[in-house]
>>> print(open('query.cif').read())   # mmCIF, C-alpha atoms
data_my_file
#
loop_
_atom_site.label_atom_id
_atom_site.label_comp_id
_atom_site.auth_asym_id
_atom_site.auth_seq_id
_atom_site.Cartn_x
_atom_site.Cartn_y
_atom_site.Cartn_z
CA MET A 87 71.77 45.09 3.93
CA ARG A 88 74.09 45.93 6.80
CA LYS A 89 75.93 42.67 6.23
CA THR A 90 76.22 43.26 2.47
CA LEU A 91 77.61 46.76 3.04
CA THR A 92 80.06 45.52 5.65
CA LEU A 93 81.26 42.83 3.23
CA LEU A 94 81.70 45.37 0.42
CA PHE A 95 83.88 47.61 2.57
CA ASP A 96 85.87 44.61 3.69
CA ALA A 97 88.62 45.75 6.07
CA ASP A 98 87.40 49.31 6.58
CA PRO A 99 83.64 49.10 7.25
CA PRO A 100 81.77 52.39 7.61
CA LEU A 101 79.66 53.37 10.58
CA ILE A 102 76.13 52.23 9.78
CA GLU A 103 73.01 53.37 11.60
CA GLU A 104 69.48 52.18 11.02
CA ALA A 105 66.27 54.17 11.36
CA ASP A 106 63.11 52.25 12.10
CA GLY A 107 60.74 54.02 9.72
CA GLY A 108 60.34 57.32 7.88
CA THR A 109 59.79 59.55 10.91
CA ALA A 110 62.92 58.22 12.63
CA ALA A 111 64.85 58.67 9.37
CA VAL A 112 63.87 62.36 9.10
CA SER A 113 64.96 62.95 12.74
CA ALA A 114 68.27 61.14 12.29
CA ILE A 115 69.10 62.88 8.99
CA SER A 116 68.20 66.28 10.50
CA ALA A 117 70.51 65.66 13.46
CA THR A 118 73.51 63.97 11.85
CA ARG A 119 75.56 64.45 8.67
CA TYR A 120 75.56 61.16 6.81
CA ASP A 121 77.41 60.42 3.57
CA VAL A 122 74.65 58.30 2.13
CA VAL A 123 71.19 57.15 3.12
CA PHE A 124 69.65 53.98 1.70
CA LEU A 125 65.99 54.84 1.76
CA ASP A 126 63.07 52.43 1.51
CA LEU A 127 60.00 53.76 -0.31
CA THR A 128 57.40 51.63 1.44
CA MET A 129 57.45 52.18 5.19
CA PRO A 130 54.44 51.94 7.49
CA ASP A 131 54.59 55.38 9.09
CA LYS A 132 55.94 57.64 6.36
CA SER A 133 56.84 56.81 2.77
CA GLY A 134 60.25 57.40 1.25
CA TYR A 135 58.61 60.00 -1.02
CA ASP A 136 57.47 61.90 2.11
CA VAL A 137 60.92 61.69 3.68
CA LEU A 138 62.53 63.18 0.55
CA ALA A 139 59.87 65.89 0.28
CA GLU A 140 60.15 66.82 3.96
CA LEU A 141 63.93 67.14 3.87
CA SER A 142 64.01 68.92 0.51
CA GLY A 143 65.94 72.18 0.66
CA LYS A 144 67.50 71.50 4.07
CA PRO A 145 71.28 72.05 4.35
CA HIS A 146 73.90 69.30 4.49
CA LEU A 147 71.73 66.55 3.10
CA PRO A 148 73.25 63.14 2.40
CA ARG A 149 73.08 61.40 -0.94
CA PHE A 150 69.89 59.36 -1.09
CA ALA A 151 69.91 55.95 -2.70
CA VAL A 152 66.30 54.86 -2.84
CA MET A 153 65.87 51.10 -2.43
CA SER A 154 62.60 49.85 -3.76
CA ALA A 155 60.77 46.92 -5.25
CA ASP A 156 58.73 49.39 -7.30
CA ILE A 157 59.57 48.92 -10.97
CA GLN A 158 57.17 51.51 -12.37
CA PRO A 159 59.25 54.02 -14.39
CA LYS A 160 57.26 56.83 -12.75
CA ALA A 161 58.47 55.77 -9.28
CA LYS A 162 62.09 56.38 -10.29
CA GLU A 163 61.15 59.65 -12.01
CA ARG A 164 59.38 60.87 -8.85
CA VAL A 165 62.24 60.15 -6.45
CA MET A 166 64.84 61.62 -8.78
CA ASN A 167 62.72 64.80 -8.99
CA LEU A 168 62.64 64.83 -5.18
CA GLY A 169 66.43 64.87 -5.06
CA ALA A 170 67.46 61.22 -4.86
CA THR A 171 70.88 60.36 -6.29
CA ALA A 172 70.10 56.81 -7.32
CA PHE A 173 67.32 54.27 -7.55
CA LEU A 174 68.40 50.77 -6.57
CA HIS A 175 66.28 47.66 -6.84
CA LYS A 176 65.12 45.28 -4.15
CA PRO A 177 66.16 42.76 -3.09
CA PRO A 178 69.57 44.37 -2.56
CA ASN A 179 72.09 43.29 -5.17
CA LYS A 180 75.74 43.34 -4.15
CA ASP A 181 77.02 44.34 -7.62
CA GLU A 182 74.50 47.17 -7.99
CA LEU A 183 75.45 48.44 -4.51
CA ARG A 184 79.16 48.24 -5.29
CA THR A 185 78.70 50.17 -8.58
CA PHE A 186 76.73 52.88 -6.79
CA LEU A 187 79.30 53.25 -4.00
CA ILE A 188 82.18 53.43 -6.51
CA GLU A 189 80.31 56.03 -8.62
CA GLN A 190 79.82 58.09 -5.49
CA ALA A 191 83.52 57.77 -4.59
CA LEU A 192 82.56 56.09 -1.34
CA LEU A 193 84.29 52.87 -2.27
CA GLU A 194 87.58 52.35 -4.10
CA VAL A 195 87.65 50.49 -7.40
CA PRO A 196 88.98 47.01 -6.65
CA ARG A 197 92.49 46.38 -7.97
CA SER A 198 92.53 43.65 -10.62
CA MET B 201 52.29 29.87 -18.04
CA LYS B 202 52.43 26.14 -17.67
CA ALA B 203 49.38 24.19 -16.64
CA ALA B 204 49.18 23.48 -12.93
CA GLU B 205 48.73 19.83 -13.69
CA GLU B 206 52.32 19.58 -14.94
CA ARG B 207 54.15 17.71 -12.23
CA GLU B 208 57.26 19.02 -10.56
CA PRO B 209 59.51 16.78 -8.49
CA GLU B 210 58.66 17.02 -4.82
CA SER B 211 61.65 15.02 -3.66
CA GLU B 212 62.99 17.93 -1.60
CA LEU B 213 59.85 17.99 0.49
CA PRO B 214 59.27 15.71 3.42
CA GLN B 215 56.66 13.24 2.24
CA SER B 216 55.09 12.78 5.62
CA GLY B 217 55.29 13.93 9.20
CA THR B 218 53.25 16.16 11.40
CA PHE B 219 53.75 19.87 11.37
CA GLY B 220 51.17 20.60 14.05
CA THR B 221 53.33 23.29 15.63
CA LEU B 222 54.24 24.82 12.27
CA THR B 223 55.39 28.38 12.89
CA LEU B 224 57.50 31.01 11.22
CA ASN B 225 59.69 33.08 13.52
CA ALA B 226 60.00 36.87 13.35
CA ASP B 227 63.09 36.73 11.10
CA GLN B 228 61.41 34.30 8.70
CA LEU B 229 58.31 36.52 8.54
CA ASP B 230 60.55 39.54 7.89
CA ALA B 231 62.21 37.70 5.02
CA LEU B 232 58.83 36.62 3.67
CA ARG B 233 57.59 40.22 3.90
CA GLU B 234 60.62 41.37 1.93
CA ILE B 235 59.99 38.71 -0.73
CA VAL B 236 56.32 39.68 -0.93
CA ASN B 237 57.35 43.33 -1.12
CA VAL B 238 59.37 42.57 -4.26
CA ALA B 239 56.44 40.55 -5.63
CA MET B 240 54.04 43.46 -5.01
CA GLY B 241 56.45 45.74 -6.87
CA ARG B 242 55.85 43.61 -9.94
CA ALA B 243 52.12 43.36 -9.29
CA GLY B 244 51.96 47.15 -8.92
CA ASP B 245 53.74 47.65 -12.23
CA ALA B 246 51.42 45.21 -14.00
CA LEU B 247 48.39 46.86 -12.37
CA SER B 248 49.69 50.26 -13.38
CA GLN B 249 49.86 49.12 -17.00
CA LEU B 250 46.36 47.64 -16.74
CA VAL B 251 44.75 50.86 -15.47
CA ASP B 252 47.26 53.26 -17.02
CA ARG B 253 47.77 55.09 -13.72
CA PHE B 254 50.53 55.28 -11.12
CA ILE B 255 50.18 52.80 -8.27
CA GLN B 256 51.49 53.56 -4.80
CA LEU B 257 52.76 50.26 -3.49
CA PRO B 258 51.43 48.73 -0.29
CA VAL B 259 53.37 47.84 2.83
CA PRO B 260 52.35 44.19 2.81
CA GLU B 261 51.41 42.42 6.02
CA ILE B 262 51.80 38.66 6.12
CA ARG B 263 50.94 36.05 8.73
CA LEU B 264 50.79 32.30 9.03
CA VAL B 265 47.35 31.28 10.22
CA ALA B 266 46.09 27.85 11.25
CA ALA B 267 43.10 26.86 9.13
CA THR B 268 41.03 26.47 12.29
CA ASP B 269 41.73 30.13 13.15
CA LEU B 270 41.09 31.38 9.66
CA VAL B 271 37.49 32.41 10.19
CA THR B 272 38.47 34.41 13.29
CA SER B 273 41.34 35.92 11.36
CA LEU B 274 39.02 36.91 8.51
CA ARG B 275 36.56 38.42 11.00
CA ASN B 276 39.41 40.60 12.27
CA LEU B 277 40.48 41.56 8.77
CA LEU B 278 36.91 42.32 7.75
CA PRO B 279 35.46 43.55 11.07
CA ASN B 280 32.01 44.49 9.81
CA GLY B 281 31.35 41.13 8.24
CA GLU B 282 31.49 42.89 4.93
CA PRO B 283 30.82 40.84 1.84
CA VAL B 284 33.74 39.87 -0.33
CA THR B 285 34.34 39.03 -3.94
CA VAL B 286 36.75 36.15 -4.31
CA VAL B 287 38.98 35.07 -7.17
CA ARG B 288 40.42 31.60 -6.76
CA GLN B 289 43.42 30.12 -8.55
CA ALA B 290 45.11 26.75 -8.18
CA PHE B 291 48.88 26.60 -8.51
CA ARG B 292 51.75 24.22 -8.15
CA CYS B 293 55.02 25.25 -6.56
CA MET B 294 56.83 22.44 -4.78
CA ALA B 295 53.36 21.08 -3.99
CA PRO B 296 49.83 21.89 -5.15
CA GLY B 297 48.20 24.86 -3.48
CA GLU B 298 45.41 27.36 -3.95
CA CYS B 299 45.31 31.11 -3.80
CA PHE B 300 42.17 33.07 -2.88
CA VAL B 301 42.17 36.81 -3.53
CA LEU B 302 39.48 38.58 -1.48
CA PHE B 303 38.29 42.03 -2.46
CA GLY B 304 36.45 43.73 0.37
CA GLU B 305 33.60 46.20 0.52
CA ASN B 306 35.43 48.63 -1.69
CA SER B 307 35.67 46.18 -4.53
CA ASP B 308 33.02 48.31 -6.25
CA LYS B 309 35.47 51.17 -6.08
CA VAL B 310 38.19 48.96 -7.50
CA LEU B 311 35.90 48.00 -10.30
CA SER B 312 34.97 51.59 -11.01
CA ILE B 313 38.67 52.44 -11.25
CA LEU B 314 39.38 49.44 -13.41
CA THR B 315 36.41 49.76 -15.67
CA GLN B 316 36.78 53.38 -16.60
CA ARG B 317 37.93 52.38 -20.03
CA GLY B 318 35.21 49.80 -20.60
CA ASP B 319 31.52 49.17 -20.25
CA ARG B 320 31.14 49.21 -16.47
CA ASN B 321 27.64 47.80 -16.64
CA SER B 322 28.76 44.76 -18.52
CA ARG B 323 29.06 41.73 -16.27
CA ALA B 324 31.46 40.06 -18.69
CA PHE B 325 33.77 43.08 -18.56
CA ARG B 326 33.58 43.27 -14.76
CA ASP B 327 34.39 39.56 -14.45
CA GLU B 328 37.30 39.92 -16.84
CA MET B 329 38.74 42.76 -14.76
CA LEU B 330 38.31 40.83 -11.50
CA LEU B 331 40.02 37.80 -13.00
CA ASP B 332 42.84 39.98 -14.34
CA VAL B 333 43.53 41.63 -10.98
CA GLY B 334 43.06 38.40 -9.01
CA ASN B 335 45.39 36.56 -11.37
CA LEU B 336 47.89 39.37 -11.15
CA LEU B 337 47.97 39.35 -7.34
CA SER B 338 48.04 35.58 -6.88
CA GLY B 339 50.56 35.14 -9.70
CA ALA B 340 52.85 37.85 -8.37
CA THR B 341 52.72 36.47 -4.82
CA VAL B 342 53.31 32.83 -5.69
CA SER B 343 55.89 33.54 -8.42
CA GLY B 344 57.64 36.05 -6.16
CA ILE B 345 58.05 33.46 -3.43
CA ALA B 346 58.94 30.72 -5.93
CA GLU B 347 61.57 32.80 -7.68
CA GLN B 348 63.36 33.83 -4.52
CA LEU B 349 63.46 30.19 -3.49
CA GLY B 350 64.68 29.10 -6.95
CA LYS B 351 61.52 27.08 -7.64
CA ASN B 352 59.12 26.90 -10.57
CA ALA B 353 55.46 27.80 -10.31
CA SER B 354 52.62 26.90 -12.65
CA TYR B 355 48.98 27.92 -12.55
CA SER B 356 45.50 26.87 -13.53
CA PRO B 357 43.23 29.58 -14.93
CA PRO B 358 41.59 31.75 -12.22
CA THR B 359 37.86 31.56 -11.54
CA ILE B 360 35.45 33.81 -9.67
CA LEU B 361 34.40 31.89 -6.58
CA CYS B 362 31.76 34.35 -5.45
CA VAL B 363 30.64 37.96 -5.75
CA GLN B 364 29.72 39.97 -2.63
CA ARG B 365 29.23 37.18 -0.11
CA PRO B 366 30.23 37.13 3.58
CA ALA B 367 33.77 35.76 3.84
CA VAL B 368 32.92 33.46 6.73
CA GLN B 369 30.43 31.64 4.51
CA ILE B 370 33.11 30.86 1.97
CA ILE B 371 35.83 29.48 4.21
CA ASP B 372 34.81 26.33 6.02
CA ALA B 373 37.87 25.11 7.94
CA THR B 374 36.42 21.63 8.32
CA LYS B 375 36.32 21.18 4.56
CA LEU B 376 39.73 22.62 3.78
CA PRO B 377 42.38 20.05 2.89
CA TRP B 378 45.10 22.36 4.27
CA LYS B 379 46.03 23.00 7.90
CA HIS B 380 47.59 26.43 7.46
CA ALA B 381 47.34 29.49 5.24
CA LEU B 382 49.66 32.39 4.58
CA VAL B 383 47.44 35.46 4.87
CA LEU B 384 48.60 38.56 3.10
CA ARG B 385 46.98 42.01 3.31
CA VAL B 386 47.84 44.52 0.61
CA ASN B 387 46.60 48.06 0.26
CA PHE B 388 47.11 49.56 -3.17
CA ARG B 389 46.65 53.28 -3.71
CA ILE B 390 45.77 54.56 -7.13
CA GLU B 391 46.19 58.35 -7.21
CA GLY B 392 43.97 59.30 -4.30
CA GLU B 393 41.82 56.18 -4.29
CA SER B 394 42.76 53.01 -2.52
CA PHE B 395 41.62 49.45 -2.32
CA VAL B 396 42.48 46.62 0.00
CA ALA B 397 42.87 43.02 -1.08
CA HIS B 398 43.51 39.98 1.07
CA VAL B 399 45.46 37.13 -0.46
CA LEU B 400 45.06 33.71 1.16
CA LEU B 401 47.70 31.20 0.13
CA PHE B 402 46.84 27.61 0.99
CA TRP B 403 49.77 25.24 0.84
CA PRO B 404 50.39 21.84 2.37
CA ASP B 405 52.27 22.08 5.67
CA ARG B 406 55.29 20.33 4.19
CA ALA B 407 55.59 23.10 1.54
CA ILE B 408 55.29 25.89 4.13
CA TRP B 409 57.85 24.09 6.25
CA ALA B 410 60.20 23.94 3.24
CA ILE B 411 59.66 27.66 2.60
CA GLY B 412 60.63 28.35 6.21
CA GLN B 413 63.87 26.42 5.71
CA HIS B 414 64.68 28.37 2.51
CA LEU B 415 63.98 31.70 4.20
CA ALA B 416 66.96 31.18 6.48
CA THR B 417 69.20 31.04 3.39
CA PHE B 418 67.48 34.08 1.87
CA LEU B 419 68.10 36.05 5.09
CA GLU B 420 71.82 35.30 4.84
CA GLY B 421 71.92 37.14 1.51
CA LEU B 422 70.17 40.29 2.74
#
>>> encode(input="query.cif", output="structure tokens")
Amino acid sequence: MRKTLTLLFDADPPLIEEADGGTAAVSAISATRYDVVFLDLTMPDKSGYDVLAELSGKPHLPRFAVMSADIQPKAKERVMNLGATAFLHKPPNKDELRTFLIEQALLEVPRS
Amino acid sequence: MKAAEEREPESELPQSGTFGTLTLNADQLDALREIVNVAMGRAGDALSQLVDRFIQLPVPEIRLVAATDLVTSLRNLLPNGEPVTVVRQAFRCMAPGECFVLFGENSDKVLSILTQRGDRNSRAFRDEMLLDVGNLLSGATVSGIAEQLGKNASYSPPTILCVQRPAVQIIDATKLPWKHALVLRVNFRIEGESFVAHVLLFWPDRAIWAIGQHLATFLEGL
């Protein structure tokens, strides 16, 4: 994931930090202003649903792109209701990531 | 699905050799966990359609276990020597293998969840449900691995190996034709209820070795 993102940003890679689980993610997001968080739904200590619910309503939240292998329509509906910006599928797909980052104005449209 | 008997070229696999020290390193296991995670996403969706309820996906745990350690491993997974219900399914993906899906002591609970729409006292209905869920888990796991590796998988129909018997009585390492098994533990939650299933994938060492080689390539793409 880190490698894919770095490749997408090419010459100007963003600063990327990783949180090892849901609890660490909540702490990091509470302490730092991130542009975007790629959030896994299935984590051993705290699910992505719990992370979104716990942070709901807090100020200066990042955009959340949920990354999940869950293809149940209700999973997407639930995270979007909890404030996620996007629902991306696992395994990470470079084109899907690029589209999301361009939509969010985090990545420039490549010149043809 | 194609019949398991349909042959697939095995030319990519080493035809002989000893793999006595067959291991998967931490990165390879991470990659395998990620692949199984995607597979369980599909299994969860299929299960959700079967029971018409939302399924909270498991965080799958996967390990490579030597057949000789399998009984010990099962004792650890099922610490109280609880009886298990086992669905068995033969498959072919690179090489012939077999998948055992073990439902633990709460398999009754699983059945009560699954049989809410049917006649829960009917043995035929119960068996059908067990076969459906067993087939779904083994199919998703094997196909998930196969797909990520760009391989085909085919299956024989699943059968119920036993109902509520101690796991250690079912697995006799001395009679197994395989030296290793991939042991997967999944814990599905269905709106407040949960059930645990253990998936044992038996594959010839040369196939597991080949999977290990492919995982390195898969990791590159992550």
>>> residues_around(input="query.cif", residues="Glu104 in chain A", least_positions_apart="6", cutoff="10 Å", atoms="only C-alpha atoms", output="list in words")
Arg88, Ala110, Ala111, Ala114, Val123 and Phe124 of chain A
>>> resolve_selection(input="query.cif", expression="the PyMOL selection byres ((chain A) within 10 of (chain B))", output="PDB file with C-alpha atoms, keeping the file's coordinate frame")
ATOM      1  CA  MET A  87      71.770  45.090   3.930  1.00  0.00           C
ATOM      2  CA  ARG A  88      74.090  45.930   6.800  1.00  0.00           C
ATOM      3  CA  LYS A  89      75.930  42.670   6.230  1.00  0.00           C
ATOM      4  CA  THR A  90      76.220  43.260   2.470  1.00  0.00           C
ATOM      5  CA  LEU A  91      77.610  46.760   3.040  1.00  0.00           C
ATOM      6  CA  LEU A 127      60.000  53.760  -0.310  1.00  0.00           C
ATOM      7  CA  THR A 128      57.400  51.630   1.440  1.00  0.00           C
ATOM      8  CA  MET A 129      57.450  52.180   5.190  1.00  0.00           C
ATOM      9  CA  PRO A 130      54.440  51.940   7.490  1.00  0.00           C
ATOM     10  CA  ASP A 131      54.590  55.380   9.090  1.00  0.00           C
ATOM     11  CA  SER A 133      56.840  56.810   2.770  1.00  0.00           C
ATOM     12  CA  SER A 154      62.600  49.850  -3.760  1.00  0.00           C
ATOM     13  CA  ALA A 155      60.770  46.920  -5.250  1.00  0.00           C
ATOM     14  CA  ASP A 156      58.730  49.390  -7.300  1.00  0.00           C
ATOM     15  CA  ILE A 157      59.570  48.920 -10.970  1.00  0.00           C
ATOM     16  CA  GLN A 158      57.170  51.510 -12.370  1.00  0.00           C
ATOM     17  CA  PRO A 159      59.250  54.020 -14.390  1.00  0.00           C
ATOM     18  CA  LYS A 160      57.260  56.830 -12.750  1.00  0.00           C
ATOM     19  CA  ALA A 161      58.470  55.770  -9.280  1.00  0.00           C
ATOM     20  CA  HIS A 175      66.280  47.660  -6.840  1.00  0.00           C
ATOM     21  CA  LYS A 176      65.120  45.280  -4.150  1.00  0.00           C
ATOM     22  CA  PRO A 177      66.160  42.760  -3.090  1.00  0.00           C
ATOM     23  CA  PRO A 178      69.570  44.370  -2.560  1.00  0.00           C
ATOM     24  CA  ASN A 179      72.090  43.290  -5.170  1.00  0.00           C
ATOM     25  CA  LYS A 180      75.740  43.340  -4.150  1.00  0.00           C
TER      26      LYS A 180
END
>>> resolve_selection(input="query.cif", expression="the PyMOL selection byres ((chain B and resi 370) around 12)", output="number ranges by chain")
B: 270-271, 274, 283-288, 300, 302, 361-369, 371-376
>>> atom_distance(input="query.cif", atom1="CA of Thr109 in chain A", atom2="CA of Asp136 in chain A")
9.4 Å
>>> atom_distance(input="query.cif", atom1="CA of Val165 in chain A", atom2="CA of Leu138 in chain A")
7.6 Å
>>> resolve_selection(input="query.cif", expression="the PyMOL selection byres ((chain A and resi 94) around 10)", output="PyMOL selection string")
chain A and resi 88-93+95-99+180-181+183-184+187+193
>>> atom_distance(input="query.cif", atom1="CA of Ala226 in chain B", atom2="CA of Leu174 in chain A")
25.7 Å
>>> residues_around(input="query.cif", residues="range 140-151 of chain A", least_positions_apart="5", cutoff="8 Å", atoms="only C-alpha atoms", output="list in words")
Val112, Ile115, Ser116, Arg119, Tyr120, Asp121, Val122, Val123, Phe124, Leu125, Leu168, Gly169, Ala170, Thr171, Ala172, Phe173 and Leu174 of chain A
>>> residues_around(input="query.cif", residues="Leu229 in chain B", least_positions_apart="3", cutoff="12 Å", atoms="all atoms listed in the file", output="list of chain:residue names")
B:Thr223, B:Leu224, B:Asn225, B:Ala226, B:Leu232, B:Arg233, B:Glu234, B:Ile235, B:Val236, B:Asn237, B:Pro260, B:Glu261, B:Ile262, B:Arg263, B:Leu264, B:Leu382, B:Val383, B:Leu384, B:Ile408, B:Ile411, B:Gly412, B:Gln413, B:His414, B:Leu415, B:Ala416, B:Phe418, B:Leu419
>>> closest_residue(input="query.cif", among="B:Lys379, B:Cys293, B:Ser356, B:Ser394", to="Gly344 in chain B", atoms="only C-alpha atoms")
B:Cys293
>>> axis_aligned_box(input="query.cif", around="range 142-148 of chain A", padding_each_side="5 Å", output="AutoDock Vina command-line options")
--center_x 69.0 --center_y 67.7 --center_z 2.5 --size_x 19.9 --size_y 19.0 --size_z 14.0
